[in-house]
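**Q** For reference, this is structure30.csv, and it has CSV, C-alpha atoms.
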```csv
chain,number,residue,atom,x,y,z
N,1,MET,CA,86.6,42.6,-95.0
N,2,ARG,CA,84.5,40.4,-92.9
N,3,ALA,CA,84.1,36.8,-94.0
N,4,PRO,CA,80.7,36.2,-95.6
N,5,ALA,CA,79.4,33.8,-93.0
N,6,LYS,CA,76.3,33.7,-90.9
N,7,LEU,CA,76.8,33.2,-87.1
N,8,TRP,CA,73.3,32.8,-85.8
N,9,GLY,CA,70.7,30.1,-86.5
N,10,CYS,CA,68.0,28.1,-84.8
N,11,ARG,CA,68.0,24.7,-83.2
N,12,SER,CA,65.1,23.3,-81.3
N,13,VAL,CA,65.6,22.2,-77.7
N,14,ASP,CA,63.6,19.1,-78.5
N,15,SER,CA,66.3,16.4,-78.1
N,16,ASP,CA,64.8,14.3,-81.0
N,17,LEU,CA,65.7,17.2,-83.4
N,18,ILE,CA,69.2,17.8,-82.2
N,19,ALA,CA,72.0,16.1,-84.2
N,20,PRO,CA,74.8,14.3,-82.3
N,21,ILE,CA,77.6,16.5,-81.1
N,22,ALA,CA,80.3,16.9,-83.7
N,23,PRO,CA,84.0,17.5,-83.0
N,24,MET,CA,84.9,21.1,-82.3
N,25,PRO,CA,84.8,22.9,-85.6
N,26,ASP,CA,87.7,24.6,-87.2
N,27,PRO,CA,87.7,28.4,-87.4
N,28,LEU,CA,85.2,29.6,-90.1
N,29,PRO,CA,87.1,29.9,-93.4
N,30,GLU,CA,87.1,33.1,-95.4
N,31,SER,CA,85.3,31.2,-98.2
N,32,SER,CA,82.4,30.1,-96.0
N,33,PRO,CA,79.1,30.5,-97.9
N,34,VAL,CA,76.5,33.0,-96.9
N,35,LEU,CA,73.7,31.2,-95.1
N,36,PRO,CA,70.2,32.5,-94.6
N,37,SER,CA,70.0,35.6,-92.3
N,38,PRO,CA,67.7,35.7,-89.2
N,39,PHE,CA,66.9,39.3,-90.1
N,40,PRO,CA,65.1,40.5,-93.3
N,41,PHE,CA,67.5,42.1,-95.8
N,42,HIS,CA,67.0,45.6,-97.0
N,43,GLN,CA,69.1,48.1,-99.0
N,44,PRO,CA,71.4,50.1,-96.8
N,45,GLY,CA,70.3,53.7,-96.3
N,46,THR,CA,66.6,53.2,-97.2
N,47,GLU,CA,65.6,53.4,-93.5
N,48,VAL,CA,67.0,57.0,-93.3
N,49,ASP,CA,64.7,58.4,-96.0
N,50,ASP,CA,61.8,56.2,-94.9
N,51,LEU,CA,62.1,57.6,-91.4
N,52,LEU,CA,62.3,61.2,-92.6
N,53,THR,CA,59.2,60.7,-94.7
N,54,SER,CA,57.4,59.2,-91.8
N,55,VAL,CA,57.9,62.4,-89.8
N,56,GLY,CA,56.9,64.5,-92.7
N,57,VAL,CA,60.3,65.7,-93.7
N,58,SER,CA,61.6,65.2,-97.3
N,59,PRO,CA,65.4,64.8,-97.7
N,60,GLN,CA,65.7,68.2,-99.3
N,61,GLU,CA,63.6,69.8,-96.6
N,62,GLY,CA,65.7,68.1,-94.0
N,63,ALA,CA,68.9,69.6,-95.6
N,64,ASP,CA,67.3,73.0,-95.7
N,65,MET,CA,66.0,73.0,-92.1
N,66,GLY,CA,67.8,75.3,-89.8
N,67,MET,CA,67.0,77.1,-86.6
N,68,GLU,CA,63.4,77.6,-87.6
N,69,CYS,CA,62.4,74.0,-86.7
N,70,ASP,CA,60.7,73.1,-83.4
N,71,ILE,CA,63.4,72.4,-80.8
N,72,ALA,CA,63.1,69.3,-78.7
N,73,ASP,CA,63.8,69.7,-75.0
N,74,LYS,CA,66.8,67.3,-75.2
N,75,GLU,CA,67.4,65.7,-78.6
N,76,LEU,CA,68.3,67.4,-81.9
N,77,PRO,CA,65.2,67.5,-84.1
N,78,ALA,CA,64.6,65.1,-87.0
N,79,GLY,CA,65.8,66.7,-90.3
N,80,TYR,CA,68.3,69.0,-88.6
N,81,GLN,CA,71.6,69.2,-90.5
N,82,LEU,CA,74.7,68.9,-88.2
N,83,ARG,CA,77.6,69.8,-90.4
N,84,GLY,CA,77.3,67.2,-93.2
N,85,TYR,CA,74.9,64.9,-91.4
N,86,ARG,CA,71.1,65.0,-91.4
N,87,ILE,CA,69.5,63.8,-88.1
N,88,VAL,CA,66.9,61.1,-88.7
N,89,ARG,CA,65.9,60.2,-85.2
N,90,PRO,CA,67.3,59.5,-81.7
N,91,LEU,CA,68.3,55.9,-81.1
N,92,GLY,CA,68.6,56.2,-77.4
N,93,SER,CA,69.9,58.4,-74.5
N,94,GLY,CA,71.5,57.9,-71.2
N,95,GLY,CA,72.8,60.0,-68.3
N,96,PHE,CA,75.7,61.4,-70.3
N,97,GLY,CA,74.7,61.4,-74.0
N,98,VAL,CA,72.3,61.0,-76.8
N,99,THR,CA,72.7,58.7,-79.8
N,100,TYR,CA,71.2,59.5,-83.2
N,101,LEU,CA,70.6,57.7,-86.5
N,102,ALA,CA,71.7,60.1,-89.2
N,103,HIS,CA,72.4,60.3,-92.9
N,104,ASP,CA,75.8,61.3,-94.3
N,105,ILE,CA,74.7,63.8,-97.0
N,106,HIS,CA,78.0,63.8,-98.9
N,107,LEU,CA,78.7,60.0,-99.0
N,108,ASP,CA,75.0,59.0,-99.0
N,109,ARG,CA,75.1,56.5,-96.2
N,110,PRO,CA,73.5,56.0,-92.8
N,111,VAL,CA,75.7,56.7,-89.8
N,112,VAL,CA,75.3,56.9,-86.0
N,113,ILE,CA,76.1,60.1,-84.2
N,114,LYS,CA,76.8,60.2,-80.5
N,115,GLU,CA,76.5,63.5,-78.6
N,116,SER,CA,77.9,64.4,-75.2
N,117,PHE,CA,74.9,65.5,-73.1
N,118,PRO,CA,74.9,65.1,-69.3
N,119,ASN,CA,71.3,65.8,-68.9
N,120,SER,CA,71.2,66.1,-65.1
N,121,ILE,CA,73.2,69.3,-65.3
N,122,CYS,CA,72.4,70.8,-68.7
N,123,TYR,CA,69.7,71.7,-71.2
N,124,ARG,CA,69.4,72.6,-74.9
N,125,GLN,CA,68.9,76.3,-75.4
N,126,HIS,CA,65.8,77.2,-77.4
N,127,GLY,CA,66.6,78.8,-80.8
N,128,THR,CA,70.3,77.9,-80.9
N,129,LEU,CA,70.4,74.2,-79.9
N,130,ASP,CA,73.4,75.1,-77.8
N,131,VAL,CA,74.0,73.0,-74.6
N,132,ARG,CA,73.9,75.2,-71.5
N,133,LEU,CA,74.4,74.5,-67.8
N,134,HIS,CA,71.6,74.9,-65.3
N,135,GLN,CA,74.2,76.3,-62.9
N,136,GLU,CA,77.7,77.6,-63.5
N,137,SER,CA,78.8,75.7,-60.4
N,138,GLU,CA,78.4,72.5,-62.5
N,139,GLN,CA,81.1,73.7,-65.0
N,140,GLU,CA,83.8,71.3,-63.6
N,141,THR,CA,81.5,68.3,-63.9
N,142,TYR,CA,80.5,69.3,-67.4
N,143,GLN,CA,84.1,69.7,-68.5
N,144,TRP,CA,85.0,66.3,-67.0
N,145,ALA,CA,82.1,64.6,-69.0
N,146,LEU,CA,83.1,66.5,-72.2
N,147,GLY,CA,86.8,65.5,-71.8
N,148,ASN,CA,85.9,61.9,-71.1
N,149,PHE,CA,83.7,61.9,-74.2
N,150,LEU,CA,86.4,63.3,-76.4
N,151,ARG,CA,88.9,60.8,-75.0
N,152,GLU,CA,86.5,58.0,-76.0
N,153,ALA,CA,86.2,59.5,-79.5
N,154,ARG,CA,90.0,59.8,-80.0
N,155,LEU,CA,90.5,56.3,-78.7
N,156,LEU,CA,87.9,54.7,-81.0
N,157,SER,CA,89.2,56.7,-84.0
N,158,THR,CA,92.6,54.8,-83.6
N,159,LEU,CA,91.0,51.3,-83.8
N,160,ASP,CA,90.7,49.3,-87.0
N,161,HIS,CA,89.1,45.8,-86.5
N,162,PRO,CA,86.1,44.2,-88.3
N,163,THR,CA,84.4,43.5,-85.0
N,164,ILE,CA,84.7,47.1,-83.7
N,165,ALA,CA,82.5,49.8,-85.1
N,166,LYS,CA,84.6,52.4,-86.9
N,167,VAL,CA,84.7,56.0,-85.9
N,168,TYR,CA,84.7,58.3,-89.0
N,169,THR,CA,85.2,61.7,-87.3
N,170,TYR,CA,84.6,63.7,-84.2
N,171,PHE,CA,84.0,67.5,-83.7
N,172,GLU,CA,82.8,70.1,-81.3
N,173,GLU,CA,79.6,72.1,-82.0
N,174,HIS,CA,76.7,73.7,-80.0
N,175,ARG,CA,79.0,74.0,-77.0
N,176,THR,CA,79.4,70.2,-76.8
N,177,ALA,CA,81.0,67.4,-78.8
N,178,TYR,CA,80.0,64.7,-81.2
N,179,TYR,CA,81.5,61.6,-82.9
N,180,VAL,CA,80.3,59.8,-86.0
N,181,THR,CA,80.4,56.0,-86.3
N,182,GLU,CA,79.6,53.2,-88.6
N,183,TYR,CA,75.9,52.3,-88.7
N,184,ILE,CA,75.3,48.7,-87.7
N,185,ASP,CA,72.0,47.4,-88.9
N,186,GLY,CA,71.0,44.8,-86.5
N,187,SER,CA,70.0,44.0,-82.9
N,188,SER,CA,71.8,43.7,-79.6
N,189,LEU,CA,72.9,40.2,-78.5
N,190,GLY,CA,70.5,40.6,-75.5
N,191,ASP,CA,67.6,41.0,-77.9
N,192,VAL,CA,68.8,38.1,-80.1
N,193,ALA,CA,69.0,35.9,-77.0
N,194,GLU,CA,65.4,36.9,-76.0
N,195,ASP,CA,64.2,36.0,-79.4
N,196,TYR,CA,65.6,32.5,-79.1
N,197,LEU,CA,64.0,32.1,-75.7
N,198,ARG,CA,60.6,33.1,-77.0
N,199,HIS,CA,60.9,30.6,-79.8
N,200,ARG,CA,62.3,27.9,-77.5
N,201,MET,CA,65.4,27.5,-79.6
N,202,PHE,CA,69.1,27.2,-79.0
N,203,ILE,CA,71.9,28.9,-81.0
N,204,SER,CA,73.7,26.2,-82.7
N,205,GLN,CA,77.2,25.2,-81.6
N,206,ASN,CA,79.0,26.3,-84.8
N,207,GLU,CA,77.2,29.7,-84.7
N,208,LEU,CA,78.0,30.3,-81.1
N,209,TYR,CA,81.6,29.3,-81.7
N,210,GLY,CA,81.8,31.6,-84.6
N,211,MET,CA,80.6,34.5,-82.5
N,212,MET,CA,83.0,33.6,-79.7
N,213,ILE,CA,86.1,33.6,-81.9
N,214,ARG,CA,85.3,36.9,-83.5
N,215,VAL,CA,84.6,38.7,-80.2
N,216,LEU,CA,87.7,37.1,-78.6
N,217,ASP,CA,89.8,38.2,-81.6
N,218,ALA,CA,88.5,41.8,-81.1
N,219,LEU,CA,89.3,41.6,-77.3
N,220,ASN,CA,92.8,40.3,-78.2
N,221,TYR,CA,93.2,43.3,-80.5
N,222,LEU,CA,92.3,45.7,-77.7
N,223,HIS,CA,94.5,44.0,-75.1
N,224,ASP,CA,97.5,44.0,-77.4
N,225,ARG,CA,97.1,47.7,-77.5
N,226,ARG,CA,96.9,47.9,-73.7
N,227,LEU,CA,93.2,48.7,-73.8
N,228,LEU,CA,90.3,47.3,-71.7
N,229,HIS,CA,86.7,47.6,-72.8
N,230,ARG,CA,85.4,47.2,-69.2
N,231,ASP,CA,81.7,47.0,-70.2
N,232,ILE,CA,81.2,43.8,-72.1
N,233,LYS,CA,77.6,42.7,-71.8
N,234,PRO,CA,74.7,41.5,-74.1
N,235,ASP,CA,73.6,45.0,-74.9
N,236,ASN,CA,77.1,46.1,-75.9
N,237,ILE,CA,77.4,43.5,-78.6
N,238,LEU,CA,75.4,44.1,-81.7
N,239,VAL,CA,74.6,41.3,-84.2
N,240,ASP,CA,74.2,42.7,-87.7
N,241,ARG,CA,71.8,41.4,-90.4
N,242,LEU,CA,74.4,39.0,-91.7
N,243,GLY,CA,75.0,37.7,-88.3
N,244,PHE,CA,78.3,39.3,-87.4
N,245,PRO,CA,79.0,40.5,-83.9
N,246,MET,CA,80.2,44.1,-83.3
N,247,LEU,CA,81.5,45.5,-80.0
N,248,ILE,CA,80.1,48.9,-79.1
N,249,ASP,CA,80.0,51.5,-76.3
N,250,PHE,CA,83.6,52.1,-75.3
N,251,GLY,CA,82.7,54.8,-72.8
N,252,ALA,CA,84.2,52.8,-70.0
N,253,ALA,CA,87.4,51.8,-71.9
N,254,ARG,CA,90.7,52.5,-70.3
N,255,GLU,CA,94.3,52.4,-71.2
N,256,ALA,CA,97.3,51.0,-69.3
N,257,VAL,CA,96.2,47.4,-68.7
N,258,GLY,CA,97.3,46.1,-65.3
N,259,ASP,CA,97.5,49.6,-63.8
N,260,LEU,CA,95.3,50.4,-60.8
N,261,SER,CA,92.3,52.5,-61.8
N,262,SER,CA,90.4,54.8,-59.4
N,263,SER,CA,87.2,54.7,-61.5
N,264,VAL,CA,84.5,52.2,-60.9
N,265,VAL,CA,82.3,51.0,-63.8
N,266,GLU,CA,80.1,48.0,-63.0
N,267,SER,CA,77.3,46.2,-64.9
N,268,GLN,CA,75.5,44.0,-62.4
N,269,GLY,CA,75.7,40.3,-63.4
N,270,PHE,CA,78.5,40.8,-65.9
N,271,SER,CA,81.4,42.7,-64.1
N,272,PRO,CA,83.9,40.8,-62.0
N,273,SER,CA,84.7,41.8,-58.4
N,274,GLU,CA,87.9,43.7,-59.2
N,275,GLN,CA,85.8,46.1,-61.3
N,276,SER,CA,83.5,47.0,-58.4
N,277,MET,CA,86.1,48.6,-56.2
N,278,SER,CA,88.4,51.5,-56.6
N,279,GLY,CA,92.0,50.4,-57.4
N,280,GLY,CA,90.8,46.9,-58.4
N,281,ASN,CA,93.4,44.7,-60.2
N,282,MET,CA,92.0,44.9,-63.7
N,283,GLY,CA,93.5,43.3,-66.9
N,284,PRO,CA,92.5,41.1,-69.8
N,285,TRP,CA,91.0,38.7,-67.3
N,286,THR,CA,88.4,41.4,-66.5
N,287,ASP,CA,87.0,41.6,-70.0
N,288,LEU,CA,87.2,37.8,-70.4
N,289,TYR,CA,85.1,37.4,-67.3
N,290,ALA,CA,82.5,39.8,-68.7
N,291,PHE,CA,82.4,38.0,-72.0
N,292,GLY,CA,82.1,34.7,-70.3
N,293,ALA,CA,79.2,36.1,-68.2
N,294,THR,CA,77.6,37.3,-71.5
N,295,LEU,CA,77.8,33.8,-73.0
N,296,TYR,CA,76.4,32.4,-69.8
N,297,TYR,CA,73.4,34.7,-70.2
N,298,VAL,CA,73.0,33.7,-73.8
N,299,LEU,CA,72.9,30.0,-72.9
N,300,THR,CA,70.9,30.2,-69.7
N,301,HIS,CA,68.9,33.4,-70.0
N,302,GLU,CA,70.0,34.3,-66.5
N,303,CYS,CA,72.6,36.8,-65.2
N,304,LEU,CA,75.3,35.6,-62.9
N,305,PRO,CA,75.1,36.5,-59.2
N,306,SER,CA,77.4,39.2,-57.9
N,307,CYS,CA,81.0,38.1,-58.3
N,308,ARG,CA,81.9,39.3,-54.8
N,309,LEU,CA,79.2,37.1,-53.3
N,310,ARG,CA,80.3,34.2,-55.4
N,311,GLU,CA,83.8,34.6,-53.9
N,312,LEU,CA,82.2,33.7,-50.5
N,313,SER,CA,79.8,31.0,-51.7
N,314,ASP,CA,79.3,30.2,-55.3
N,315,PRO,CA,75.8,28.8,-56.2
N,316,VAL,CA,76.5,28.7,-60.0
N,317,ALA,CA,76.4,25.2,-61.4
N,318,PRO,CA,79.0,24.5,-64.2
N,319,LEU,CA,77.6,24.7,-67.7
N,320,ALA,CA,79.7,21.7,-68.6
N,321,ALA,CA,77.5,19.6,-66.2
N,322,ASP,CA,74.2,20.8,-67.6
N,323,GLU,CA,72.7,17.8,-69.5
N,324,ARG,CA,70.4,19.9,-71.5
N,325,LEU,CA,73.3,22.1,-72.8
N,326,LEU,CA,75.5,19.0,-73.4
N,327,LYS,CA,72.9,17.8,-76.0
N,328,VAL,CA,73.8,20.9,-78.1
N,329,TYR,CA,77.3,22.0,-77.2
N,330,HIS,CA,80.7,20.3,-76.9
N,331,PRO,CA,81.8,19.9,-73.3
N,332,LYS,CA,85.1,21.7,-74.0
N,333,LEU,CA,83.2,24.8,-75.2
N,334,LEU,CA,81.1,24.8,-72.1
N,335,ALA,CA,84.0,24.2,-69.8
N,336,SER,CA,85.9,27.1,-71.3
N,337,ILE,CA,83.0,29.5,-70.4
N,338,ASP,CA,83.0,28.0,-66.9
N,339,ARG,CA,86.7,28.8,-66.5
N,340,ALA,CA,86.2,32.4,-67.8
N,341,ILE,CA,83.6,33.2,-65.2
N,342,ARG,CA,85.4,31.8,-62.1
N,343,PRO,CA,85.3,34.4,-59.3
N,344,SER,CA,89.0,34.2,-58.5
N,345,ILE,CA,91.3,35.9,-61.0
N,346,ASP,CA,93.9,33.2,-60.4
N,347,GLN,CA,91.5,30.5,-61.7
N,348,ARG,CA,90.4,32.5,-64.8
N,349,TYR,CA,91.9,32.9,-68.2
N,350,HIS,CA,94.6,35.6,-68.0
N,351,ASN,CA,94.5,36.4,-71.7
N,352,VAL,CA,92.7,35.5,-75.0
N,353,ALA,CA,95.5,33.1,-76.1
N,354,GLU,CA,94.7,30.8,-73.1
N,355,TRP,CA,91.0,30.7,-73.9
N,356,MET,CA,91.8,30.0,-77.6
N,357,GLU,CA,94.2,27.2,-76.6
N,358,ASP,CA,91.4,25.5,-74.6
N,359,LEU,CA,89.2,25.6,-77.7
N,360,HIS,CA,92.1,24.1,-79.8
N,361,LEU,CA,92.0,27.0,-82.3
```
Just dump the structure as structure tokens.
**A**
Amino acid sequence: MRAPAKLWGCRSVDSDLIAPIAPMPDPLPESSPVLPSPFPFHQPGTEVDDLLTSVGVSPQEGADMGMECDIADKELPAGYQLRGYRIVRPLGSGGFGVTYLAHDIHLDRPVVIKESFPNSICYRQHGTLDVRLHQESEQETYQWALGNFLREARLLSTLDHPTIAKVYTYFEEHRTAYYVTEYIDGSSLGDVAEDYLRHRMFISQNELYGMMIRVLDALNYLHDRRLLHRDIKPDNILVDRLGFPMLIDFGAAREAVGDLSSSVVESQGFSPSEQSMSGGNMGPWTDLYAFGATLYYVLTHECLPSCRLRELSDPVAPLAADERLLKVYHPKLLASIDRAIRPSIDQRYHNVAEWMEDLHL
């Protein structure tokens, strides 16, 4: 069970309102009190029925709807029942899939359903909702995408950590595949950072620190199991309404830490150079660079330049030398982020324990 503590809060950048820097705090204890949330509270599950009502579908109607409903070109329709889950609405879509907010009918709780749907090569057939290929010659590509999706589902179903969204089940239906995950009611870290920027506020030191140790603990959990996330960035860390961070989107995750990988997955501004080339030497240091780049963005509201360019000439000024940040954050905390984002693997942290040691945890 997660400790009942808030991680996010507000602090003005006006130096007259900032308290003197305190010593680095101890890890947040399990008995920490619940502090006010930056998000309005609501009862879990109410959004599901509210959204069904907003589209003119009652819960009973939603459960009874079948193939007679209007079929969207791509997404499953609101109210459609997929096994024991009622679709509420799409949450988003990308090149290889669609994500839905849904309601678990049997356990009466909101869930998230992810569907494999490589939209450049397939479509949803009218009347059956089955996923079909535009051309049979694309079968190999489709099977690769489906296999990768199921691999992600199986991998996630084996994980059990409070900072990683749980996968409840996965299954094949409509000639494609789905997996069902824990519903996280909150916002992406990127959106949270933008809110602070709009209000000209900093995240406090204790709250930033609390977020850091929870995400680092999750990364350590993955790395101990020889897994790499490979896509840590602000949009792949959710902050729930109690302020807890959650790692999401493990589509790029890979097993066998330290092995050479032929696949290239890169997020500009957050991925290190070894991740931008086939056969790059990836390991825990790869995820730690990406997390450091994420923290750099949270503190500066700027993405790092390309890591490969930084290897030639690095224009990035150390956070630990930023006078404005030093009014809010301990220099050791800032220096630890600086080390995590060094372009050279040899100069970075090689594992979570090294980063923790620098923070005196």
**Q** Excluding Leu189 in chain N and its own-chain neighbours fewer than 3 positions away, which residues fall within 10 Å of it when counting all atoms listed in the file? Please give them as a list in words.
**A**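 The residues that qualify are Gly186, Val192, Ala193, Glu194, Asp195, Lys233, Pro234, Asp235, Asn236, Ile237, Leu238, Val239, Asp240, Pro245, Met246, Thr294, Leu295, Tyr297 and Val298 of chain N.
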**Q** Would you mind reading off the distance between CA of Gln81 in chain N and CA of Val180 in chain N, one decimal, in Å?
**A**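 According to the coordinates, CA of Gln81 in chain N and CA of Val180 in chain N are separated by 13.6 Å.
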**Q** Find the residues around range 332-341 of chain N up to 6 Å (all atoms listed in the file counted), leave out those fewer than 2 positions away in its own chain, and share them as an MDAnalysis selection string.
**A** chainID N and resid 289 292 318:320 330 348:349
**Q** What's around range 112-119 of chain N at 7 Å? Count only C-alpha atoms, leave out sequence neighbours fewer than 6 positions away in its own chain, and write the answer as a ChimeraX atom specification.
**A** /N:95-102,146,149,176-183
**Q** Taking only residues of range 88-147 of chain N that have an atom at most 12 Å from an atom of range 165-175 of chain N, what is each one's shortest atom pair and its distance in Å to one decimal, using all atoms listed in the file, in chain and number order, as JSON lines?
**A**
```
{"residue": "N:Asp104", "atom": "CA", "partner": "N:Tyr168", "partner_atom": "CA", "distance": 10.8}
{"residue": "N:Leu107", "atom": "CA", "partner": "N:Tyr168", "partner_atom": "CA", "distance": 11.8}
{"residue": "N:Val111", "atom": "CA", "partner": "N:Tyr168", "partner_atom": "CA", "distance": 9.2}
{"residue": "N:Val112", "atom": "CA", "partner": "N:Val167", "partner_atom": "CA", "distance": 9.4}
{"residue": "N:Ile113", "atom": "CA", "partner": "N:Tyr170", "partner_atom": "CA", "distance": 9.2}
{"residue": "N:Lys114", "atom": "CA", "partner": "N:Tyr170", "partner_atom": "CA", "distance": 9.3}
{"residue": "N:Glu115", "atom": "CA", "partner": "N:Glu172", "partner_atom": "CA", "distance": 9.5}
{"residue": "N:Ser116", "atom": "CA", "partner": "N:Glu172", "partner_atom": "CA", "distance": 9.7}
{"residue": "N:Phe117", "atom": "CA", "partner": "N:Arg175", "partner_atom": "CA", "distance": 10.2}
{"residue": "N:Cys122", "atom": "CA", "partner": "N:Arg175", "partner_atom": "CA", "distance": 11.1}
{"residue": "N:Tyr123", "atom": "CA", "partner": "N:Arg175", "partner_atom": "CA", "distance": 11.2}
{"residue": "N:Arg124", "atom": "CA", "partner": "N:His174", "partner_atom": "CA", "distance": 9.0}
{"residue": "N:Gln125", "atom": "CA", "partner": "N:His174", "partner_atom": "CA", "distance": 9.4}
{"residue": "N:His126", "atom": "CA", "partner": "N:His174", "partner_atom": "CA", "distance": 11.7}
{"residue": "N:Gly127", "atom": "CA", "partner": "N:His174", "partner_atom": "CA", "distance": 11.3}
{"residue": "N:Thr128", "atom": "CA", "partner": "N:His174", "partner_atom": "CA", "distance": 7.7}
{"residue": "N:Leu129", "atom": "CA", "partner": "N:His174", "partner_atom": "CA", "distance": 6.3}
{"residue": "N:Asp130", "atom": "CA", "partner": "N:His174", "partner_atom": "CA", "distance": 4.2}
{"residue": "N:Val131", "atom": "CA", "partner": "N:Arg175", "partner_atom": "CA", "distance": 5.6}
{"residue": "N:Arg132", "atom": "CA", "partner": "N:Arg175", "partner_atom": "CA", "distance": 7.6}
{"residue": "N:Leu133", "atom": "CA", "partner": "N:Arg175", "partner_atom": "CA", "distance": 10.3}
{"residue": "N:Tyr142", "atom": "CA", "partner": "N:Arg175", "partner_atom": "CA", "distance": 10.8}
{"residue": "N:Gln143", "atom": "CA", "partner": "N:Arg175", "partner_atom": "CA", "distance": 10.8}
{"residue": "N:Leu146", "atom": "CA", "partner": "N:Glu172", "partner_atom": "CA", "distance": 9.8}
{"residue": "N:Gly147", "atom": "CA", "partner": "N:Glu172", "partner_atom": "CA", "distance": 11.3}
```
**Q** For CA of His350 in chain N and CA of Trp285 in chain N, quote the distance in Å rounded to one decimal.
**A**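 Taking CA of His350 in chain N and CA of Trp285 in chain N, their separation equals 4.8 Å.
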**Q** Suppose you want the space between CA of Ala353 in chain N and CA of Phe250 in chain N; what is it in Å?
**A**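 Atom-to-atom, CA of Ala353 in chain N and CA of Phe250 in chain N are spaced 22.4 Å apart.
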**Q** Which of these residues is nearest to Asp224 in chain N, using only C-alpha atoms: N:Gly210, N:Asp358, N:Glu138, N:Pro284?
**A**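 Ranked by minimum distance to Asp224 in chain N, first place goes to N:Pro284.
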**Q** Limit the output to N, CA and C atoms and give range 346-357 of chain N as a compact mmCIF listing (two decimals), in the first residue's frame.
**A**
```txt
# COMPACT_ATOMS: atom_id res chain seq x y z
N ASP N 346 30.18 6.65 -19.00
CA ASP N 346 31.17 6.47 -17.94
C ASP N 346 31.01 7.48 -16.81
N GLN N 347 30.47 8.67 -17.11
CA GLN N 347 30.35 9.72 -16.11
C GLN N 347 28.99 9.75 -15.43
N ARG N 348 28.07 8.92 -15.89
CA ARG N 348 26.72 8.88 -15.31
C ARG N 348 26.64 7.88 -14.16
N TYR N 349 25.48 7.86 -13.50
CA TYR N 349 25.19 6.78 -12.56
C TYR N 349 24.99 5.49 -13.35
N HIS N 350 25.56 4.42 -12.84
CA HIS N 350 25.41 3.13 -13.51
C HIS N 350 24.25 2.33 -12.95
N ASN N 351 23.78 2.70 -11.78
CA ASN N 351 22.63 2.03 -11.19
C ASN N 351 21.95 2.95 -10.19
N VAL N 352 20.77 2.56 -9.75
CA VAL N 352 19.99 3.39 -8.82
C VAL N 352 20.72 3.56 -7.50
N ALA N 353 21.41 2.51 -7.02
CA ALA N 353 22.09 2.59 -5.73
C ALA N 353 23.09 3.74 -5.69
N GLU N 354 23.79 3.98 -6.79
CA GLU N 354 24.77 5.08 -6.84
C GLU N 354 24.06 6.43 -6.69
N TRP N 355 22.92 6.58 -7.34
CA TRP N 355 22.17 7.84 -7.23
C TRP N 355 21.65 8.01 -5.80
N MET N 356 21.12 6.95 -5.23
CA MET N 356 20.62 7.00 -3.86
C MET N 356 21.74 7.39 -2.87
N GLU N 357 22.93 6.83 -3.12
CA GLU N 357 24.06 7.12 -2.22
C GLU N 357 24.41 8.60 -2.26
```
